[in-house]
Structures are given as structure tokens and as C-alpha cells.
>>> print(open('structure.pdb').read())   # PDB, C-alpha atoms
ATOM      1  CA  ASN A  15     177.848  79.227   3.383
ATOM      2  CA  GLY A  16     174.435  78.184   4.768
ATOM      3  CA  ILE A  17     175.507  78.684   8.373
ATOM      4  CA  LYS A  18     172.947  80.380  10.654
ATOM      5  CA  MET A  19     173.936  81.797  13.999
ATOM      6  CA  SER A  20     171.371  81.348  16.806
ATOM      7  CA  TYR A  21     171.443  83.098  20.154
ATOM      8  CA  PHE A  22     169.161  81.690  22.896
ATOM      9  CA  CYS A  23     168.555  83.146  26.351
ATOM     10  CA  THR A  24     166.319  81.942  29.135
ATOM     11  CA  VAL A  25     165.708  82.789  32.795
ATOM     12  CA  LEU A  26     166.413  79.992  35.271
ATOM     13  CA  ASP A  27     166.145  80.559  39.022
ATOM     14  CA  ARG A  28     166.635  84.336  38.601
ATOM     15  CA  SER A  29     169.714  83.758  36.410
ATOM     16  CA  VAL A  30     169.948  84.376  32.677
ATOM     17  CA  ILE A  31     171.429  81.519  30.649
ATOM     18  CA  CYS A  32     172.428  82.323  27.083
ATOM     19  CA  SER A  33     174.059  80.226  24.396
ATOM     20  CA  LEU A  34     175.384  80.983  20.899
ATOM     21  CA  SER A  35     175.368  78.250  18.314
ATOM     22  CA  SER A  36     175.604  77.733  14.619
ATOM     23  CA  VAL A  37     173.138  75.657  12.644
ATOM     24  CA  ALA A  38     174.013  74.369   9.221
ATOM     25  CA  GLY A  39     171.408  74.446   6.507
ATOM     26  CA  ASN A  40     167.825  73.845   7.683
ATOM     27  CA  SER A  41     168.619  71.391  10.517
ATOM     28  CA  THR A  42     166.620  71.787  13.743
ATOM     29  CA  ALA A  43     168.457  73.296  16.725
ATOM     30  CA  SER A  44     168.627  71.155  19.873
ATOM     31  CA  ALA A  45     166.196  72.207  22.581
ATOM     32  CA  VAL A  46     164.565  70.903  25.742
ATOM     33  CA  ILE A  47     160.938  70.034  24.982
ATOM     34  CA  LEU A  48     158.571  68.629  27.625
ATOM     35  CA  ARG A  49     155.066  67.267  27.419
ATOM     36  CA  THR A  50     152.594  65.494  29.692
ATOM     37  CA  THR A  51     149.884  62.946  29.077
ATOM     38  CA  GLU A  52     147.357  65.009  31.023
ATOM     39  CA  LYS A  53     147.542  68.503  32.500
ATOM     40  CA  SER A  54     144.666  67.986  34.932
ATOM     41  CA  VAL A  55     144.606  64.784  36.972
ATOM     42  CA  TRP A  56     142.854  63.454  40.063
ATOM     43  CA  THR A  57     143.056  60.603  42.525
ATOM     44  CA  ASN A  58     141.194  59.439  45.608
ATOM     45  CA  GLU A  59     142.642  59.993  49.068
ATOM     46  CA  PHE A  60     145.120  57.286  50.176
ATOM     47  CA  GLU A  61     145.666  56.136  46.573
ATOM     48  CA  SER A  62     148.671  56.699  44.274
ATOM     49  CA  ILE A  63     148.968  59.080  41.326
ATOM     50  CA  GLU A  64     151.737  59.632  38.773
ATOM     51  CA  LEU A  65     152.361  63.080  37.303
ATOM     52  CA  THR A  66     153.971  62.612  33.879
ATOM     53  CA  CYS A  67     156.790  64.847  32.704
ATOM     54  CA  LEU A  68     158.056  63.412  29.407
ATOM     55  CA  ILE A  69     161.230  64.754  27.834
ATOM     56  CA  GLU A  70     160.644  64.663  24.083
ATOM     57  CA  SER A  71     163.834  66.388  23.051
ATOM     58  CA  ILE A  72     167.163  67.014  24.813
ATOM     59  CA  SER A  73     170.878  66.898  24.068
ATOM     60  CA  THR A  74     172.337  67.278  27.567
ATOM     61  CA  ASN A  75     173.242  63.964  29.175
ATOM     62  CA  ASN A  76     172.488  64.882  32.788
ATOM     63  CA  PRO A  77     169.812  67.576  32.848
ATOM     64  CA  ARG A  78     168.728  69.154  36.091
ATOM     65  CA  ILE A  79     165.199  68.060  37.037
ATOM     66  CA  GLU A  80     163.086  69.785  39.655
ATOM     67  CA  TRP A  81     159.472  69.575  40.797
ATOM     68  CA  LYS A  82     157.683  72.371  42.609
ATOM     69  CA  LYS A  83     154.324  72.399  44.345
ATOM     70  CA  ILE A  84     152.320  75.600  43.949
ATOM     71  CA  LYS A  85     149.518  76.144  46.463
ATOM     72  CA  ASN A  86     147.740  79.459  46.944
ATOM     73  CA  GLY A  87     150.276  80.980  44.577
ATOM     74  CA  VAL A  88     153.267  80.001  46.747
ATOM     75  CA  PRO A  89     155.829  77.557  45.243
ATOM     76  CA  SER A  90     157.798  75.031  47.315
ATOM     77  CA  TYR A  91     160.217  72.260  46.319
ATOM     78  CA  VAL A  92     159.046  68.653  46.331
ATOM     79  CA  TYR A  93     161.979  67.323  44.270
ATOM     80  CA  PHE A  94     165.279  69.202  44.515
ATOM     81  CA  GLN A  95     168.947  68.181  44.177
ATOM     82  CA  ASN A  96     167.989  64.614  43.243
ATOM     83  CA  LYS A  97     165.829  63.892  46.289
ATOM     84  CA  ILE A  98     162.212  64.220  47.422
ATOM     85  CA  SER A  99     161.677  67.074  49.861
ATOM     86  CA  GLY A 100     158.972  69.146  51.493
ATOM     87  CA  ASP A 101     155.619  67.624  52.448
ATOM     88  CA  LEU A 102     156.063  64.776  49.925
ATOM     89  CA  GLU A 103     159.152  63.441  51.680
ATOM     90  CA  HIS A 104     158.843  59.654  52.226
ATOM     91  CA  ARG A 105     155.605  59.693  50.180
ATOM     92  CA  ALA A 106     156.875  60.121  46.615
ATOM     93  CA  LEU A 107     159.613  59.085  44.210
ATOM     94  CA  LEU A 108     160.954  60.143  40.813
ATOM     95  CA  ARG A 109     160.464  57.726  37.936
ATOM     96  CA  GLU A 110     162.293  57.873  34.618
ATOM     97  CA  PRO A 111     162.533  60.086  32.815
ATOM     98  CA  ALA A 112     161.088  62.786  35.095
ATOM     99  CA  ASN A 113     157.714  61.520  36.309
ATOM    100  CA  LEU A 114     156.647  62.212  39.894
ATOM    101  CA  LEU A 115     154.869  59.317  41.611
ATOM    102  CA  ILE A 116     152.910  60.333  44.721
ATOM    103  CA  LEU A 117     152.119  57.486  47.121
ATOM    104  CA  ASN A 118     149.285  57.531  49.649
ATOM    105  CA  ALA A 119     147.904  60.862  48.448
ATOM    106  CA  SER A 120     146.314  63.132  51.041
ATOM    107  CA  ARG A 121     143.859  65.998  50.716
ATOM    108  CA  SER A 122     146.698  68.467  51.338
ATOM    109  CA  ASP A 123     148.329  67.312  48.077
ATOM    110  CA  THR A 124     145.668  69.116  46.052
ATOM    111  CA  ALA A 125     147.675  71.787  44.213
ATOM    112  CA  GLN A 126     149.496  72.609  40.992
ATOM    113  CA  TYR A 127     152.825  70.891  40.275
ATOM    114  CA  ARG A 128     155.488  72.253  37.962
ATOM    115  CA  CYS A 129     158.117  70.067  36.308
ATOM    116  CA  GLU A 130     161.277  72.004  35.350
ATOM    117  CA  VAL A 131     164.151  70.654  33.260
ATOM    118  CA  ALA A 132     167.391  72.592  32.711
ATOM    119  CA  ALA A 133     169.930  71.405  30.101
ATOM    120  CA  ILE A 134     172.814  73.830  29.729
ATOM    121  CA  ASP A 135     174.250  72.052  26.648
ATOM    122  CA  ASP A 136     171.073  72.614  24.632
ATOM    123  CA  GLN A 137     170.428  75.734  22.588
ATOM    124  CA  LYS A 138     167.070  76.086  24.350
ATOM    125  CA  PRO A 139     168.281  75.007  27.766
ATOM    126  CA  PHE A 140     165.068  75.155  29.810
ATOM    127  CA  ASP A 141     161.460  74.024  29.675
ATOM    128  CA  GLU A 142     158.665  73.546  32.188
ATOM    129  CA  ILE A 143     155.186  72.084  32.319
ATOM    130  CA  LEU A 144     152.342  72.655  34.791
ATOM    131  CA  ILE A 145     150.034  69.906  36.039
ATOM    132  CA  SER A 146     146.955  70.364  38.246
ATOM    133  CA  LEU A 147     146.204  67.652  40.825
ATOM    134  CA  ALA A 148     142.945  67.223  42.746
ATOM    135  CA  VAL A 149     142.748  64.664  45.562
ATOM    136  CA  ARG A 150     139.179  63.542  46.080
ATOM    137  CA  VAL A 151     138.044  62.813  49.632
ATOM    138  CA  LYS A 152     135.141  60.504  50.442
ATOM    139  CA  PRO A 153     132.432  62.088  52.615
ATOM    140  CA  VAL A 154     132.256  61.114  56.284
ATOM    141  CA  MET A 155     128.973  60.140  57.954
ATOM    142  CA  PRO A 156     126.746  63.234  57.742
ATOM    143  CA  ARG A 157     125.016  64.767  60.754
ATOM    144  CA  CYS A 158     121.257  64.400  60.302
ATOM    145  CA  SER A 159     118.442  66.138  62.168
ATOM    146  CA  VAL A 160     114.923  64.679  61.918
ATOM    147  CA  PRO A 161     112.047  65.857  64.177
ATOM    148  CA  GLU A 162     110.579  63.047  66.248
ATOM    149  CA  ALA A 163     106.974  64.248  66.037
ATOM    150  CA  VAL A 164     105.069  66.876  64.028
ATOM    151  CA  THR A 165     101.400  67.674  63.581
ATOM    152  CA  VAL A 166      99.357  67.503  60.408
ATOM    153  CA  GLY A 167      99.362  70.803  58.533
ATOM    154  CA  SER A 168     102.457  72.193  60.254
ATOM    155  CA  SER A 169     105.787  72.933  58.550
ATOM    156  CA  THR A 170     109.062  71.255  59.448
ATOM    157  CA  GLU A 171     112.595  70.904  58.106
ATOM    158  CA  LEU A 172     115.105  68.039  58.093
ATOM    159  CA  HIS A 173     118.843  68.831  57.966
ATOM    160  CA  CYS A 174     121.884  66.941  56.663
ATOM    161  CA  ILE A 175     125.499  68.202  56.610
ATOM    162  CA  GLU A 176     129.121  66.985  56.399
ATOM    163  CA  ASN A 177     132.283  69.048  55.875
ATOM    164  CA  GLU A 178     135.060  66.540  55.062
ATOM    165  CA  GLY A 179     134.290  65.486  51.496
ATOM    166  CA  PHE A 180     136.078  66.957  48.472
ATOM    167  CA  PRO A 181     134.693  68.004  46.084
ATOM    168  CA  GLN A 182     131.790  69.340  48.123
ATOM    169  CA  SER A 183     129.161  66.713  48.849
ATOM    170  CA  GLN A 184     125.730  66.535  47.274
ATOM    171  CA  TYR A 185     122.869  65.304  49.481
ATOM    172  CA  GLN A 186     120.051  62.857  48.876
ATOM    173  CA  TRP A 187     117.213  61.968  51.272
ATOM    174  CA  PHE A 188     115.581  58.544  51.628
ATOM    175  CA  LYS A 189     112.265  57.576  53.191
ATOM    176  CA  ASN A 190     111.691  53.970  54.273
ATOM    177  CA  ASN A 191     114.819  52.989  52.251
ATOM    178  CA  GLU A 192     113.391  54.561  49.081
ATOM    179  CA  GLU A 193     115.144  57.485  47.390
ATOM    180  CA  LEU A 194     113.056  60.650  47.397
ATOM    181  CA  PRO A 195     112.863  62.430  44.026
ATOM    182  CA  GLU A 196     114.199  65.966  44.090
ATOM    183  CA  ASP A 197     110.813  67.135  42.799
ATOM    184  CA  PRO A 198     107.905  65.170  44.342
ATOM    185  CA  LYS A 199     105.647  66.114  41.409
ATOM    186  CA  THR A 200     107.696  63.849  39.132
ATOM    187  CA  SER A 201     106.671  60.752  41.104
ATOM    188  CA  SER A 202     103.165  59.363  41.418
ATOM    189  CA  LYS A 203     104.066  57.952  44.845
ATOM    190  CA  PHE A 204     105.147  61.300  46.300
ATOM    191  CA  TYR A 205     102.990  63.578  44.155
ATOM    192  CA  ASN A 206     100.860  64.778  47.102
ATOM    193  CA  SER A 207     103.839  65.546  49.332
ATOM    194  CA  SER A 208     104.740  69.199  49.888
ATOM    195  CA  TYR A 209     108.486  68.892  50.474
ATOM    196  CA  THR A 210     111.288  70.751  48.715
ATOM    197  CA  MET A 211     114.787  69.237  48.631
ATOM    198  CA  ASN A 212     118.039  71.210  48.358
ATOM    199  CA  THR A 213     120.795  68.833  47.254
ATOM    200  CA  GLU A 214     123.462  71.515  47.822
ATOM    201  CA  THR A 215     122.658  72.239  51.488
ATOM    202  CA  GLY A 216     121.027  68.937  52.532
ATOM    203  CA  SER A 217     117.731  70.555  53.531
ATOM    204  CA  LEU A 218     114.403  68.711  53.221
ATOM    205  CA  LYS A 219     111.561  71.123  54.031
ATOM    206  CA  PHE A 220     107.866  70.261  54.336
ATOM    207  CA  GLN A 221     105.502  73.186  53.777
ATOM    208  CA  SER A 222     102.444  71.335  55.104
ATOM    209  CA  VAL A 223     102.972  67.943  56.715
ATOM    210  CA  LYS A 224     100.556  65.137  55.826
ATOM    211  CA  LYS A 225      99.892  61.820  57.541
ATOM    212  CA  GLU A 226     101.621  59.933  54.736
ATOM    213  CA  ASP A 227     104.827  61.900  55.395
ATOM    214  CA  ALA A 228     105.415  59.821  58.530
ATOM    215  CA  GLY A 229     108.205  57.308  58.203
ATOM    216  CA  GLU A 230     111.897  56.503  58.620
ATOM    217  CA  TYR A 231     114.264  59.050  57.096
ATOM    218  CA  TYR A 232     118.005  59.115  56.466
ATOM    219  CA  CYS A 233     120.359  61.181  54.321
ATOM    220  CA  GLN A 234     123.234  60.225  52.030
ATOM    221  CA  ALA A 235     126.203  62.496  51.261
ATOM    222  CA  ARG A 236     127.990  61.695  47.997
ATOM    223  CA  ASN A 237     130.714  62.958  45.682
ATOM    224  CA  GLU A 238     133.089  61.504  43.059
ATOM    225  CA  ALA A 239     135.142  59.749  45.759
ATOM    226  CA  GLY A 240     132.246  57.833  47.355
ATOM    227  CA  TRP A 241     129.310  58.233  49.694
ATOM    228  CA  SER A 242     128.266  57.912  53.334
ATOM    229  CA  LYS A 243     124.924  57.981  55.129
ATOM    230  CA  CYS A 244     123.549  58.741  58.580
ATOM    231  CA  SER A 245     121.503  56.388  60.745
ATOM    232  CA  PRO A 246     117.733  56.236  60.024
ATOM    233  CA  GLN A 247     115.467  58.319  62.242
ATOM    234  CA  ILE A 248     111.676  58.049  62.614
ATOM    235  CA  MET A 249     109.391  61.049  62.109
ATOM    236  CA  GLU A 250     105.850  60.567  63.477
ATOM    237  CA  VAL A 251     102.879  62.669  62.343
ATOM    238  CA  TYR A 252      99.926  63.323  64.675
ATOM    239  CA  ASP A 253      96.478  64.763  64.013
ATOM    240  CA  LEU A 254      96.591  66.784  67.247
ATOM    241  CA  ASP A 255      99.391  68.454  69.047
ATOM    242  CA  ILE A 256      99.651  65.636  71.583
ATOM    243  CA  VAL A 257     103.179  66.618  72.468
ATOM    244  CA  GLY A 258     102.145  70.208  73.204
ATOM    245  CA  ILE A 259      99.198  69.099  75.311
ATOM    246  CA  PHE A 260     101.381  66.691  77.253
ATOM    247  CA  LEU A 261     103.933  69.417  77.960
ATOM    248  CA  LYS A 262     101.222  71.798  79.153
ATOM    249  CA  VAL A 263      99.758  69.175  81.499
ATOM    250  CA  LEU A 264     103.219  68.338  82.754
ATOM    251  CA  GLY A 265     103.869  72.015  83.418
ATOM    252  CA  GLY A 266     100.607  72.337  85.387
ATOM    253  CA  VAL A 267     101.414  69.315  87.521
ATOM    254  CA  ALA A 268     104.890  70.676  88.214
ATOM    255  CA  ALA A 269     103.430  74.041  89.276
ATOM    256  CA  PHE A 270     100.948  72.334  91.623
ATOM    257  CA  ILE A 271     103.701  70.277  93.231
ATOM    258  CA  PHE A 272     105.790  73.405  93.676
ATOM    259  CA  VAL A 273     102.951  75.193  95.507
ATOM    260  CA  VAL A 274     102.303  72.213  97.803
ATOM    261  CA  VAL A 275     105.983  71.891  98.668
ATOM    262  CA  GLY A 276     106.150  75.635  99.356
ATOM    263  CA  ILE A 277     103.216  75.488 101.793
ATOM    264  CA  CYS A 278     104.769  72.571 103.635
ATOM    265  CA  GLN A 279     108.040  74.443 103.981
ATOM    266  CA  ILE A 280     106.243  77.473 105.375
ATOM    267  CA  GLN A 281     104.468  75.317 107.968
ATOM    268  CA  LYS A 282     107.723  73.670 109.001
ATOM    269  CA  SER A 283     109.329  77.073 109.455
ATOM    270  CA  GLY A 284     106.582  78.169 111.858
ATOM    271  CA  TYR A 285     105.332  81.096 109.803
ATOM    272  CA  CYS A 286     101.659  80.019 109.797
ATOM    273  CA  SER A 287      99.189  81.286 112.398
ATOM    274  CA  CYS A 288      97.677  79.104 115.182
ATOM    275  CA  LYS A 289      95.155  76.563 113.937
ATOM    276  CA  ASP A 290      92.337  77.267 116.483
ATOM    277  CA  HIS A 291      92.781  81.000 116.627
ATOM    278  CA  THR A 292      89.381  82.660 116.927
ATOM    279  CA  GLU A 293      88.269  86.001 115.551
ATOM    280  CA  THR A 294      87.951  87.418 119.133
ATOM    281  CA  ASN A 295      90.489  90.160 119.701
ATOM    282  CA  TYR A 296      92.272  90.108 123.040
ATOM    283  CA  LYS A 297      94.008  93.173 124.283
ATOM    284  CA  VAL A 298      97.095  92.498 126.358
ATOM    285  CA  PRO A 299      96.965  94.459 129.640
ATOM    286  CA  GLN A 300      99.661  97.063 130.072
ATOM    287  CA  HIS A 301     101.965  96.811 133.110
ATOM    288  CA  ASP A 302     104.343  99.217 134.528
ATOM    289  CA  ASN A 303     107.328  96.872 134.084
ATOM    290  CA  ARG A 304     106.559  96.844 130.312
ATOM    291  CA  MET A 305     106.391  92.999 130.171
ATOM    292  CA  ASP A 306     103.887  91.374 127.805
ATOM    293  CA  TYR A 307     101.584  88.670 129.132
ATOM    294  CA  ALA A 308      99.711  86.096 127.045
ATOM    295  CA  SER A 309      96.257  85.009 128.024
ATOM    296  CA  PRO A 310      95.725  81.406 129.165
ATOM    297  CA  ASP A 311      93.680  80.747 126.008
ATOM    298  CA  GLU A 312      96.519  81.815 123.701
ATOM    299  CA  VAL A 313      98.975  79.736 125.637
ATOM    300  CA  ARG A 314      96.736  76.685 125.331
ATOM    301  CA  LEU A 315      96.053  77.312 121.637
ATOM    302  CA  CYS A 316      99.752  77.540 120.756
ATOM    303  CA  GLY A 317     100.603  74.362 122.658
ATOM    304  CA  PHE A 318     102.489  75.735 125.649
ATOM    305  CA  VAL A 319      99.944  74.390 128.152
ATOM    306  CA  THR A 320      98.605  70.858 127.913
TER     307      THR A 320
END
>>> encode(input="structure.pdb", output="C-alpha cells")
Amino acid sequence: NGIKMSYFCTVLDRSVICSLSSVAGNSTASAVILRTTEKSVWTNEFESIELTCLIESISTNNPRIEWKKIKNGVPSYVYFQNKISGDLEHRALLREPANLLILNASRSDTAQYRCEVAAIDDQKPFDEILISLAVRVKPVMPRCSVPEAVTVGSSTELHCIENEGFPQSQYQWFKNNEELPEDPKTSSKFYNSSYTMNTETGSLKFQSVKKEDAGEYYCQARNEAGWSKCSPQIMEVYDLDIVGIFLKVLGGVAAFIFVVVGICQIQKSGYCSCKDHTETNYKVPQHDNRMDYASPDEVRLCGFVT
């Protein structure tokens, strides 16, 4: 008679839902079919993003719609029992037919989102679709380290780092407001410079500093969400190690002052010998009552007799 019997089963929330139906001729059985405009989407932090869950085919009038957020392999509800829940509460809403609109996206929203539709009156009563969301975060002002003074021929390294941007920031150095090429040999202006730049770590290393390397340096951190830069810092290049010489002289002066102060303290404490003491030895006469007597000269020398 051209009647085909179809038996559909699916697993929904740990329950098995089965349905038996007959299909006449070659007609297509009713089934829930979902699709999305894009399975991998992105937005910048603090902006809005809509995750599309389009129902292409369904027979049930009031299907059950749920959204789950999956982060580090752990699912959690963000739309359940007709209301927004979880960490998207007060920051999202459901738009017809089943789209999830996230408002004021934050970096913690980066995850996978699963749209699930259950329609018990359909022969294929369940379908789901997975969407990956990445929230891009603009870099903050990087921390830059530039030496104040270096000598010709020495090696030195400049550092630049920031940890807030997502995706991970790339780094670019500037000298006197001019962008440094990653390879100095590709530029006639910087051809004689000996630096190597690592755009992944933010390092700018000079193998042998030259006089023309002196200038004002700053670093820029950038990713798809934007960029940020640190304040310019001046690096001076000297022919001699003036800084080292200055520190050595300063150390010598400090040592001299320390010795002078120490001598003065000793004198104030009375540990120095008498000023006019002669080399003549004087033996103190011995008395039966075991009392020591000082000679008149010693008394006068030490200031006891005027």
C-alpha cells in the first residue's frame, strides 16, 4: 500500500525518546533540522555578538530550546526553562527563532556554545549545533624597559611585555617615532645596526651598540582587537664607560668619608693616646699599698694639671 513505517530514537538529557510513524509514498518525514550562519565567530570585548541557531525544519509548535556554554569541557546552562541563566544572566537575551544575543561581551565569554532544540511531535525530535566564540581583548599599556646609558661596543637588551590582550599580543619597537624593521638588513637606514627583534616576546637585543643606536625608544603591543604603547624612553650611547667611572669615584669618596668619620668617633670616645706623649718610658714606682702613681709629666700631658 506504499506505507513505510519509521522508528526514530534519540537521547535527550539522558533519556531516550522514540517515536513510530508511518510515511506514505516518498514524502519526507518531519524532523528538527538546525543550521547556523557561522560556526566560529568573534567579537571585541564590551561589544555585542549574536550566535545564530536557525530552525530550518520542525513540526512541533512549541519546541524546547536550550543553550549551553562549554568551557574546558564542562557544560553549563546559559538559557534554560525560557530564561537566561548562569554567567550570562542580565547580559543576554533570546531572539527568534533561537538566536542567542550576548550583550557587553567579556573575555570570560570565550567558549563553545551549543544550541539544542527538542520537538517531541517530530519524527526526529532533537537536533543541536555547536558554535565557537572568541572574545578579543585589546592590549593594555605594555611595560617597557630601556637602559638609560650604554657604551659603544657593548651588548644590551630592551624589553616589552603585556599580559591582558587576547589573542596574545605581537610587539613592535619604534625609534624616534619611526618603526624599526624586524630585520635591520632590509632597511638602508638601519642596515648597520646589530639588533635582533623578537615580535613574540617583545625583546630588542643589540649585539654591539653603535653611536647611531642612541635615541628615543618605545614599544607597541598589538592584536586583532587594537593596540597600546608605552611611554618613550631615551637610551644614550657613550664612547667611554662614564657611568662606571663615576660610580667608582663616588665609591672612593664614600670610603674616604667613612674613614674620616670613624677616626673622629674614635677621638671623641677617648681611645686615642695623648698628643704630646714622648718615646721616653717611665716606670711607675712600686709601693707597699699597691696604689699606682702617675708622674707630674703624664698628668700635665693628659690635661689634669694646668
>>> resolve_selection(input="structure.pdb", expression="the PyMOL selection byres ((chain A and resi 66) around 7)", output="list in words")
Thr50, Thr51, Glu64, Leu65, Cys67, Leu68, Asn113 and Leu114 of chain A
>>> resolve_selection(input="structure.pdb", expression="the PyMOL selection byres ((chain A and resi 233) around 6)", output="VMD selection string")
chain A and resid 186 to 187 232 234 243 to 244
>>> resolve_selection(input="structure.pdb", expression="the PyMOL selection byres ((chain A and resi 211) around 10)", output="list in words")
Glu171, Leu172, Tyr185, Gln186, Trp187, Leu194, Pro195, Glu196, Asp197, Pro198, Tyr209, Thr210, Asn212, Thr213, Glu214, Thr215, Gly216, Ser217, Leu218, Lys219 and Phe220 of chain A
>>> residues_near_point(input="structure.pdb", point="(159.2, 76.9, 36.7)", cutoff="12 Å", atoms="all atoms listed in the file", output="list of chain:residue names")
A:Thr24, A:Val25, A:Leu26, A:Asp27, A:Arg28, A:Ile79, A:Glu80, A:Trp81, A:Lys82, A:Lys83, A:Ile84, A:Pro89, A:Ser90, A:Tyr91, A:Gln126, A:Tyr127, A:Arg128, A:Cys129, A:Glu130, A:Val131, A:Ala132, A:Phe140, A:Asp141, A:Glu142, A:Ile143, A:Leu144, A:Ile145
>>> atom_distance(input="structure.pdb", atom1="CA of Lys152 in chain A", atom2="CA of Cys174 in chain A")
16.0 Å
>>> atom_distance(input="structure.pdb", atom1="CA of Ala148 in chain A", atom2="CA of Ala235 in chain A")
19.4 Å
>>> residues_around(input="structure.pdb", residues="Ala239 in chain A", least_positions_apart="4", cutoff="7 Å", atoms="all atoms listed in the file", output="ChimeraX atom specification")
/A:58,150-152
>>> residues_around(input="structure.pdb", residues="Ser169 in chain A", least_positions_apart="3", cutoff="7 Å", atoms="all atoms listed in the file", output="compact mmCIF listing (two decimals) with C-alpha atoms, in the coordinates of the input")
# COMPACT_ATOMS: atom_id res chain seq x y z
CA PHE A 220 107.87 70.26 54.34
CA GLN A 221 105.50 73.19 53.78
CA SER A 222 102.44 71.33 55.10
CA VAL A 223 102.97 67.94 56.72
>>> atom_distance(input="structure.pdb", atom1="CA of Glu61 in chain A", atom2="CA of Leu115 in chain A")
10.9 Å
